[in-house]
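Pasted below: start-v2.cif, mmCIF, C-alpha atoms.
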```
data_data
loop_
_atom_site.label_atom_id
_atom_site.label_comp_id
_atom_site.auth_asym_id
_atom_site.auth_seq_id
_atom_site.Cartn_x
_atom_site.Cartn_y
_atom_site.Cartn_z
CA MET A 1 0.00 0.00 0.00
CA ALA A 2 1.95 2.97 -1.33
CA GLY A 3 -0.03 5.65 0.55
CA LEU A 4 0.39 3.94 3.92
CA ASP A 5 4.11 3.32 3.30
CA GLN A 6 4.64 7.04 2.59
CA ILE A 7 2.75 8.04 5.74
CA LEU A 8 4.71 5.57 7.87
CA ALA A 9 8.00 6.80 6.37
CA GLY A 10 7.08 10.33 7.46
CA VAL A 11 6.25 9.12 10.96
CA VAL A 12 9.58 7.25 11.18
CA THR A 13 11.45 10.41 10.17
CA TRP A 14 9.61 12.46 12.81
CA ILE A 15 10.23 9.85 15.56
CA ASP A 16 13.92 9.57 14.68
CA LYS A 17 14.34 13.36 14.81
CA ASN A 18 12.18 14.18 17.85
CA LEU A 19 11.91 11.11 20.08
CA LEU A 20 15.03 8.97 19.65
CA VAL A 21 17.34 11.76 20.79
CA ASP A 22 19.30 10.05 23.58
CA THR A 23 22.03 7.43 23.22
CA VAL A 24 21.32 3.98 24.59
CA ARG A 25 23.49 0.89 24.87
CA ILE A 26 22.19 -2.68 24.77
CA THR A 27 24.57 -5.35 26.02
CA ALA A 28 24.17 -9.09 26.09
CA PRO A 29 23.56 -10.53 29.55
CA PRO A 30 26.84 -11.31 31.33
CA THR A 31 27.94 -14.93 31.01
CA GLY A 32 31.09 -15.07 33.14
CA GLU A 33 31.43 -15.58 36.86
CA PRO A 34 31.25 -12.50 39.10
CA VAL A 35 34.50 -10.94 40.26
CA LEU A 36 35.07 -9.18 43.59
CA ASN A 37 35.56 -5.44 43.22
CA PRO A 38 38.02 -4.55 46.00
CA ASP A 39 36.96 -0.88 45.98
CA THR A 40 33.28 -1.59 46.67
CA GLY A 41 33.47 -5.05 48.24
CA GLN A 42 30.73 -6.16 45.81
CA LEU A 43 30.67 -9.00 43.33
CA GLU A 44 30.39 -7.65 39.79
CA TYR A 45 29.71 -9.50 36.59
CA PRO A 46 31.97 -8.81 33.62
CA PRO A 47 30.28 -6.66 30.99
CA GLY A 48 28.46 -8.44 28.18
CA GLU A 49 29.03 -7.89 24.48
CA ILE A 50 27.64 -4.60 23.13
CA LEU A 51 24.77 -5.47 20.78
CA TYR A 52 23.68 -1.91 19.96
CA GLU A 53 24.73 1.62 20.80
CA GLY A 54 22.92 4.49 19.21
CA PRO A 55 19.76 6.60 19.18
CA GLY A 56 16.97 5.57 21.50
CA ALA A 57 14.65 6.57 24.30
CA VAL A 58 13.62 5.04 27.62
CA GLN A 59 10.18 5.93 28.91
CA GLY A 60 8.72 5.04 32.27
CA GLY A 61 5.16 4.06 32.94
CA ILE A 62 2.78 6.84 33.81
CA ALA A 63 0.24 4.80 35.72
CA GLN A 64 0.59 3.42 39.24
CA SER A 65 -0.67 0.11 37.84
CA GLU A 66 2.55 -0.23 35.86
CA VAL A 67 4.51 -1.02 39.04
CA THR A 68 3.70 -4.50 40.26
CA SER A 69 4.90 -6.82 42.97
CA ILE A 70 4.78 -10.58 42.71
CA PRO A 71 5.55 -12.76 45.73
CA ASN A 72 7.97 -15.65 45.38
CA ALA A 73 6.55 -19.12 45.88
CA GLY A 74 5.98 -19.80 49.58
CA GLN A 75 6.44 -16.15 50.54
CA PRO A 76 3.54 -14.03 51.78
CA TRP A 77 5.15 -10.81 50.54
CA ALA A 78 6.74 -9.49 47.39
CA GLN A 79 10.54 -9.57 47.24
CA GLU A 80 10.97 -6.98 44.48
CA SER A 81 8.79 -4.72 42.45
CA LYS A 82 8.57 -4.80 38.68
CA SER A 83 8.95 -1.31 37.25
CA ARG A 84 7.54 -1.11 33.75
CA TYR A 85 9.59 0.89 31.26
CA ARG A 86 9.77 0.96 27.47
CA LEU A 87 12.84 1.16 25.28
CA MET A 88 12.36 2.68 21.86
CA THR A 89 14.95 2.15 19.16
CA PRO A 90 14.88 2.74 15.42
CA LEU A 91 14.06 -0.13 13.10
CA LYS A 92 16.97 0.77 10.79
CA ILE A 93 19.91 3.16 10.67
CA ASP A 94 21.12 4.08 7.18
CA GLY A 95 19.16 1.12 5.81
CA VAL A 96 20.79 -1.39 8.18
CA PRO A 97 18.41 -3.16 10.58
CA VAL A 98 18.99 -2.41 14.27
CA PRO A 99 19.31 -5.66 16.25
CA ILE A 100 16.44 -6.80 18.44
CA ALA A 101 17.43 -6.86 22.10
CA PRO A 102 17.25 -10.42 23.49
CA LYS A 103 15.55 -11.28 26.77
CA ASP A 104 17.69 -10.41 29.81
CA ALA A 105 19.93 -7.99 27.87
CA ILE A 106 21.00 -4.89 29.82
CA VAL A 107 19.99 -1.41 28.62
CA THR A 108 21.70 1.78 29.78
CA VAL A 109 21.33 5.41 28.79
CA ILE A 110 24.85 6.62 28.08
CA ALA A 111 24.09 10.13 26.81
CA SER A 112 21.11 12.41 27.23
CA HIS A 113 20.00 15.16 24.87
CA ASP A 114 19.22 17.25 27.96
CA PRO A 115 22.33 17.91 30.09
CA THR A 116 20.15 18.36 33.19
CA ARG A 117 18.87 14.75 32.94
CA THR A 118 21.98 13.19 34.46
CA ASP A 119 19.82 10.94 36.67
CA LEU A 120 19.35 8.67 33.64
CA LEU A 121 23.04 8.19 32.96
CA GLY A 122 24.33 4.82 34.05
CA ARG A 123 20.95 3.57 35.22
CA SER A 124 20.20 0.13 33.87
CA TRP A 125 17.17 -1.88 32.85
CA ILE A 126 16.68 -5.54 31.99
CA VAL A 127 14.92 -6.55 28.77
CA GLN A 128 11.79 -8.52 29.68
CA ASP A 129 11.00 -9.84 26.20
CA PRO A 130 12.38 -9.28 22.71
CA GLY A 131 11.07 -6.19 20.92
CA ILE A 132 7.37 -6.04 20.17
CA ALA A 133 6.56 -6.84 16.54
CA ALA A 134 3.76 -5.34 14.47
CA THR A 135 2.74 -5.23 10.84
CA THR A 136 2.98 -1.43 10.72
CA GLU A 137 6.07 -0.64 12.80
CA VAL A 138 7.55 2.85 12.95
CA VAL A 139 9.75 2.29 16.02
CA ARG A 140 10.84 -0.79 17.94
CA ILE A 141 9.36 -0.95 21.45
CA THR A 142 10.95 -3.28 23.99
CA ALA A 143 9.57 -3.98 27.47
CA LEU A 144 12.02 -3.25 30.30
CA ASP A 145 12.21 -3.67 34.07
CA GLN A 146 14.48 -1.42 36.09
CA ASN A 147 17.56 -3.26 37.32
CA GLN A 148 16.92 -3.72 41.04
CA THR A 149 20.37 -5.05 41.90
CA GLY A 150 21.60 -1.55 42.59
CA GLY A 151 24.21 -1.77 39.87
CA ARG A 152 24.72 1.52 38.11
CA GLU A 153 26.97 1.25 35.15
CA VAL A 154 29.30 4.13 34.45
CA PRO A 155 29.03 5.24 30.82
CA THR A 156 32.22 4.93 28.82
#
```

For the structure just supplied, provide its representation as structure tokens.
Amino acid sequence: MAGLDQILAGVVTWIDKNLLVDTVRITAPPTGEPVLNPDTGQLEYPPGEILYEGPGAVQGGIAQSEVTSIPNAGQPWAQESKSRYRLMTPLKIDGVPVPIAPKDAIVTVIASHDPTRTDLLGRSWIVQDPGIAATTEVVRITALDQNQTGGREVPT
């Protein structure tokens, strides 16, 4: 459908220019054993392979219902909350498809278009499922949960 393709192309251009204005990094989940960091006294996993680094946006949920708690089996209370976020990445850059983030990949914001938004830098999220697919995509949306382990990655 030529008319729809032209409309969607215009939407993609607008999203790329106005929404995907921060720089995000997607890394594969760590596979090695954790190593003791003598400075912090914490076990840290080695970084995973960088799968994507480029334009993107992370958006939090706007409704209280998007934060949920699920108790572990046999526990009468919730151990951790699930904080619903969305990662948006382009479908292609210069005609080359952007990789789909696999489940359990780590997402960080490494540069913000707004210098006052430093609270995003180094924060990390865990990919809940691979990117959402649709027949009329204009941006890739991936479900995220905020990393609750307390690990803030320092952008490099």

Residue IDs satisfying the PyMOL selection byres ((chain A and resi 85) around 8), as a PyMOL selection string: chain A and resi 58-61+83-84+86-87+143-146

Take the residues that were just selected and, keeping C-alpha atoms, output them as a short mmCIF file (atom, residue, chain, number, x, y, z; two decimals), keeping the file's coordinate frame.
```cif
data_model
loop_
_atom_site.label_atom_id
_atom_site.label_comp_id
_atom_site.auth_asym_id
_atom_site.auth_seq_id
_atom_site.Cartn_x
_atom_site.Cartn_y
_atom_site.Cartn_z
CA VAL A 58 13.62 5.04 27.62
CA GLN A 59 10.18 5.93 28.91
CA GLY A 60 8.72 5.04 32.27
CA GLY A 61 5.16 4.06 32.94
CA SER A 83 8.95 -1.31 37.25
CA ARG A 84 7.54 -1.11 33.75
CA ARG A 86 9.77 0.96 27.47
CA LEU A 87 12.84 1.16 25.28
CA ALA A 143 9.57 -3.98 27.47
CA LEU A 144 12.02 -3.25 30.30
CA ASP A 145 12.21 -3.67 34.07
CA GLN A 146 14.48 -1.42 36.09
#
```

message: Could you list, as a PyMOL selection string, every residue matched by the PyMOL selection byres ((chain A and resi 101) around 8) in this structure?
response: chain A and resi 26+51+99-100+102-103+105+127+130-131+142

Target residues per the PyMOL selection byres ((chain A and resi 92) around 12), formatted as an MDAnalysis selection string: chainID A and resid 9 12:13 16 52 54:56 89:91 93:100 137:140

task: Have a look at atom CA of A:Thr108 and atom CA of A:Leu43 and let me know their distance in Å, one decimal.
output: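 The value is 19.5 Å.
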
Enclose the full set of atoms of stretch 108-127 of chain A listed in the file within a box whose edges lie along x, y and z, apply 6 Å of padding to each of the six sides, and report centre and edge lengths in Å to one decimal as JSON.
```
{"center_x": 19.9, "center_y": 5.9, "center_z": 30.8, "size_x": 21.9, "size_y": 36.9, "size_z": 23.8}
```

message: As an exercise, work out the distance from atom CA of A:Glu49 to atom CA of A:Leu20 in Å and give it to one decimal place.
response: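 Atom CA of A:Glu49 sits 22.4 Å away from atom CA of A:Leu20.
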
- request: One decimal, Å: what's the distance from atom CA of A:Val21 over to atom CA of A:Ala57, could you say?
  value: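 Computing the Euclidean distance for atom CA of A:Val21 and atom CA of A:Ala57 yields 6.8 Å.
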
Please provide the set of residues having any atom within 12 Å of A:Ile110, restricted to only C-alpha atoms, with same-chain residues fewer than 4 positions apart removed, written as an mmCIF file with C-alpha atoms, in the frame of the given file.
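Below is the file that was written, part14.cif:
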```
data_model
loop_
_atom_site.group_PDB
_atom_site.id
_atom_site.type_symbol
_atom_site.label_atom_id
_atom_site.label_comp_id
_atom_site.auth_asym_id
_atom_site.auth_seq_id
_atom_site.Cartn_x
_atom_site.Cartn_y
_atom_site.Cartn_z
ATOM 1 C CA VAL A 21 17.340 11.760 20.790
ATOM 2 C CA ASP A 22 19.300 10.050 23.580
ATOM 3 C CA THR A 23 22.030 7.430 23.220
ATOM 4 C CA VAL A 24 21.320 3.980 24.590
ATOM 5 C CA ARG A 25 23.490 0.890 24.870
ATOM 6 C CA ILE A 26 22.190 -2.680 24.770
ATOM 7 C CA TYR A 52 23.680 -1.910 19.960
ATOM 8 C CA GLU A 53 24.730 1.620 20.800
ATOM 9 C CA GLY A 54 22.920 4.490 19.210
ATOM 10 C CA PRO A 55 19.760 6.600 19.180
ATOM 11 C CA GLY A 56 16.970 5.570 21.500
ATOM 12 C CA ALA A 57 14.650 6.570 24.300
ATOM 13 C CA VAL A 58 13.620 5.040 27.620
ATOM 14 C CA PRO A 115 22.330 17.910 30.090
ATOM 15 C CA ARG A 117 18.870 14.750 32.940
ATOM 16 C CA THR A 118 21.980 13.190 34.460
ATOM 17 C CA ASP A 119 19.820 10.940 36.670
ATOM 18 C CA LEU A 120 19.350 8.670 33.640
ATOM 19 C CA LEU A 121 23.040 8.190 32.960
ATOM 20 C CA GLY A 122 24.330 4.820 34.050
ATOM 21 C CA ARG A 123 20.950 3.570 35.220
ATOM 22 C CA SER A 124 20.200 0.130 33.870
ATOM 23 C CA ARG A 152 24.720 1.520 38.110
ATOM 24 C CA GLU A 153 26.970 1.250 35.150
ATOM 25 C CA VAL A 154 29.300 4.130 34.450
ATOM 26 C CA PRO A 155 29.030 5.240 30.820
ATOM 27 C CA THR A 156 32.220 4.930 28.820
#
```

Would you mind putting all heavy atoms back on stretch 50-61 of chain A and writing the result as a PDB file, in the coordinates of the input?
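Just written: part06.pdb:
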```
ATOM      1  N   ILE A  50      28.527  -5.682  23.559  1.00  0.00           N
ATOM      2  CA  ILE A  50      27.640  -4.600  23.130  1.00  0.00           C
ATOM      3  C   ILE A  50      26.926  -5.031  21.858  1.00  0.00           C
ATOM      4  O   ILE A  50      27.561  -5.355  20.855  1.00  0.00           O
ATOM      5  CB  ILE A  50      28.415  -3.287  22.911  1.00  0.00           C
ATOM      6  CG1 ILE A  50      29.014  -2.802  24.226  1.00  0.00           C
ATOM      7  CG2 ILE A  50      27.506  -2.211  22.308  1.00  0.00           C
ATOM      8  CD1 ILE A  50      29.901  -1.576  24.103  1.00  0.00           C
ATOM      9  N   LEU A  51      25.592  -5.066  21.922  1.00  0.00           N
ATOM     10  CA  LEU A  51      24.770  -5.470  20.780  1.00  0.00           C
ATOM     11  C   LEU A  51      24.319  -4.261  19.967  1.00  0.00           C
ATOM     12  O   LEU A  51      24.116  -4.360  18.764  1.00  0.00           O
ATOM     13  CB  LEU A  51      23.545  -6.241  21.266  1.00  0.00           C
ATOM     14  CG  LEU A  51      23.836  -7.476  22.128  1.00  0.00           C
ATOM     15  CD1 LEU A  51      22.540  -8.048  22.674  1.00  0.00           C
ATOM     16  CD2 LEU A  51      24.592  -8.509  21.314  1.00  0.00           C
ATOM     17  N   TYR A  52      24.135  -3.127  20.634  1.00  0.00           N
ATOM     18  CA  TYR A  52      23.680  -1.910  19.960  1.00  0.00           C
ATOM     19  C   TYR A  52      24.067  -0.724  20.811  1.00  0.00           C
ATOM     20  O   TYR A  52      23.975  -0.766  22.031  1.00  0.00           O
ATOM     21  CB  TYR A  52      22.147  -1.931  19.788  1.00  0.00           C
ATOM     22  CG  TYR A  52      21.574  -0.620  19.298  1.00  0.00           C
ATOM     23  CD1 TYR A  52      21.713  -0.230  17.968  1.00  0.00           C
ATOM     24  CD2 TYR A  52      20.911   0.239  20.163  1.00  0.00           C
ATOM     25  CE1 TYR A  52      21.196   0.983  17.521  1.00  0.00           C
ATOM     26  CE2 TYR A  52      20.387   1.447  19.715  1.00  0.00           C
ATOM     27  CZ  TYR A  52      20.535   1.815  18.401  1.00  0.00           C
ATOM     28  OH  TYR A  52      20.039   3.005  17.962  1.00  0.00           O
ATOM     29  N   GLU A  53      24.499   0.341  20.135  1.00  0.00           N
ATOM     30  CA  GLU A  53      24.730   1.620  20.800  1.00  0.00           C
ATOM     31  C   GLU A  53      24.362   2.693  19.795  1.00  0.00           C
ATOM     32  O   GLU A  53      24.950   2.761  18.712  1.00  0.00           O
ATOM     33  CB  GLU A  53      26.190   1.746  21.234  1.00  0.00           C
ATOM     34  CG  GLU A  53      26.443   3.002  22.040  1.00  0.00           C
ATOM     35  CD  GLU A  53      27.826   3.009  22.659  1.00  0.00           C
ATOM     36  OE1 GLU A  53      28.174   2.052  23.353  1.00  0.00           O
ATOM     37  OE2 GLU A  53      28.554   3.987  22.405  1.00  0.00           O
ATOM     38  N   GLY A  54      23.361   3.470  20.147  1.00  0.00           N
ATOM     39  CA  GLY A  54      22.920   4.490  19.210  1.00  0.00           C
ATOM     40  C   GLY A  54      21.668   5.178  19.710  1.00  0.00           C
ATOM     41  O   GLY A  54      21.331   5.123  20.900  1.00  0.00           O
ATOM     42  N   PRO A  55      20.937   5.833  18.795  1.00  0.00           N
ATOM     43  CA  PRO A  55      19.760   6.600  19.180  1.00  0.00           C
ATOM     44  C   PRO A  55      18.699   5.721  19.828  1.00  0.00           C
ATOM     45  O   PRO A  55      18.496   4.567  19.436  1.00  0.00           O
ATOM     46  CB  PRO A  55      19.238   7.167  17.866  1.00  0.00           C
ATOM     47  CG  PRO A  55      20.258   6.883  16.833  1.00  0.00           C
ATOM     48  CD  PRO A  55      21.178   5.853  17.359  1.00  0.00           C
ATOM     49  N   GLY A  56      18.044   6.285  20.825  1.00  0.00           N
ATOM     50  CA  GLY A  56      16.970   5.570  21.500  1.00  0.00           C
ATOM     51  C   GLY A  56      16.325   6.446  22.549  1.00  0.00           C
ATOM     52  O   GLY A  56      16.700   7.599  22.740  1.00  0.00           O
ATOM     53  N   ALA A  57      15.349   5.874  23.225  1.00  0.00           N
ATOM     54  CA  ALA A  57      14.650   6.570  24.300  1.00  0.00           C
ATOM     55  C   ALA A  57      14.151   5.530  25.295  1.00  0.00           C
ATOM     56  O   ALA A  57      13.744   4.442  24.903  1.00  0.00           O
ATOM     57  CB  ALA A  57      13.476   7.371  23.750  1.00  0.00           C
ATOM     58  N   VAL A  58      14.202   5.873  26.570  1.00  0.00           N
ATOM     59  CA  VAL A  58      13.620   5.040  27.620  1.00  0.00           C
ATOM     60  C   VAL A  58      12.506   5.855  28.246  1.00  0.00           C
ATOM     61  O   VAL A  58      12.712   7.003  28.633  1.00  0.00           O
ATOM     62  CB  VAL A  58      14.661   4.646  28.692  1.00  0.00           C
ATOM     63  CG1 VAL A  58      14.004   3.923  29.851  1.00  0.00           C
ATOM     64  CG2 VAL A  58      15.759   3.783  28.081  1.00  0.00           C
ATOM     65  N   GLN A  59      11.330   5.255  28.310  1.00  0.00           N
ATOM     66  CA  GLN A  59      10.180   5.930  28.910  1.00  0.00           C
ATOM     67  C   GLN A  59       9.633   5.073  30.032  1.00  0.00           C
ATOM     68  O   GLN A  59       9.495   3.861  29.887  1.00  0.00           O
ATOM     69  CB  GLN A  59       9.074   6.155  27.883  1.00  0.00           C
ATOM     70  CG  GLN A  59       9.437   7.151  26.831  1.00  0.00           C
ATOM     71  CD  GLN A  59       8.255   7.445  25.937  1.00  0.00           C
ATOM     72  OE1 GLN A  59       7.426   6.597  25.704  1.00  0.00           O
ATOM     73  NE2 GLN A  59       8.197   8.664  25.442  1.00  0.00           N
ATOM     74  N   GLY A  60       9.329   5.727  31.150  1.00  0.00           N
ATOM     75  CA  GLY A  60       8.720   5.040  32.270  1.00  0.00           C
ATOM     76  C   GLY A  60       7.219   4.994  32.132  1.00  0.00           C
ATOM     77  O   GLY A  60       6.632   5.734  31.338  1.00  0.00           O
ATOM     78  N   GLY A  61       6.613   4.124  32.915  1.00  0.00           N
ATOM     79  CA  GLY A  61       5.160   4.060  32.940  1.00  0.00           C
ATOM     80  C   GLY A  61       4.592   5.299  33.606  1.00  0.00           C
ATOM     81  O   GLY A  61       5.226   5.913  34.454  1.00  0.00           O
TER      82      GLY A  61
END
```
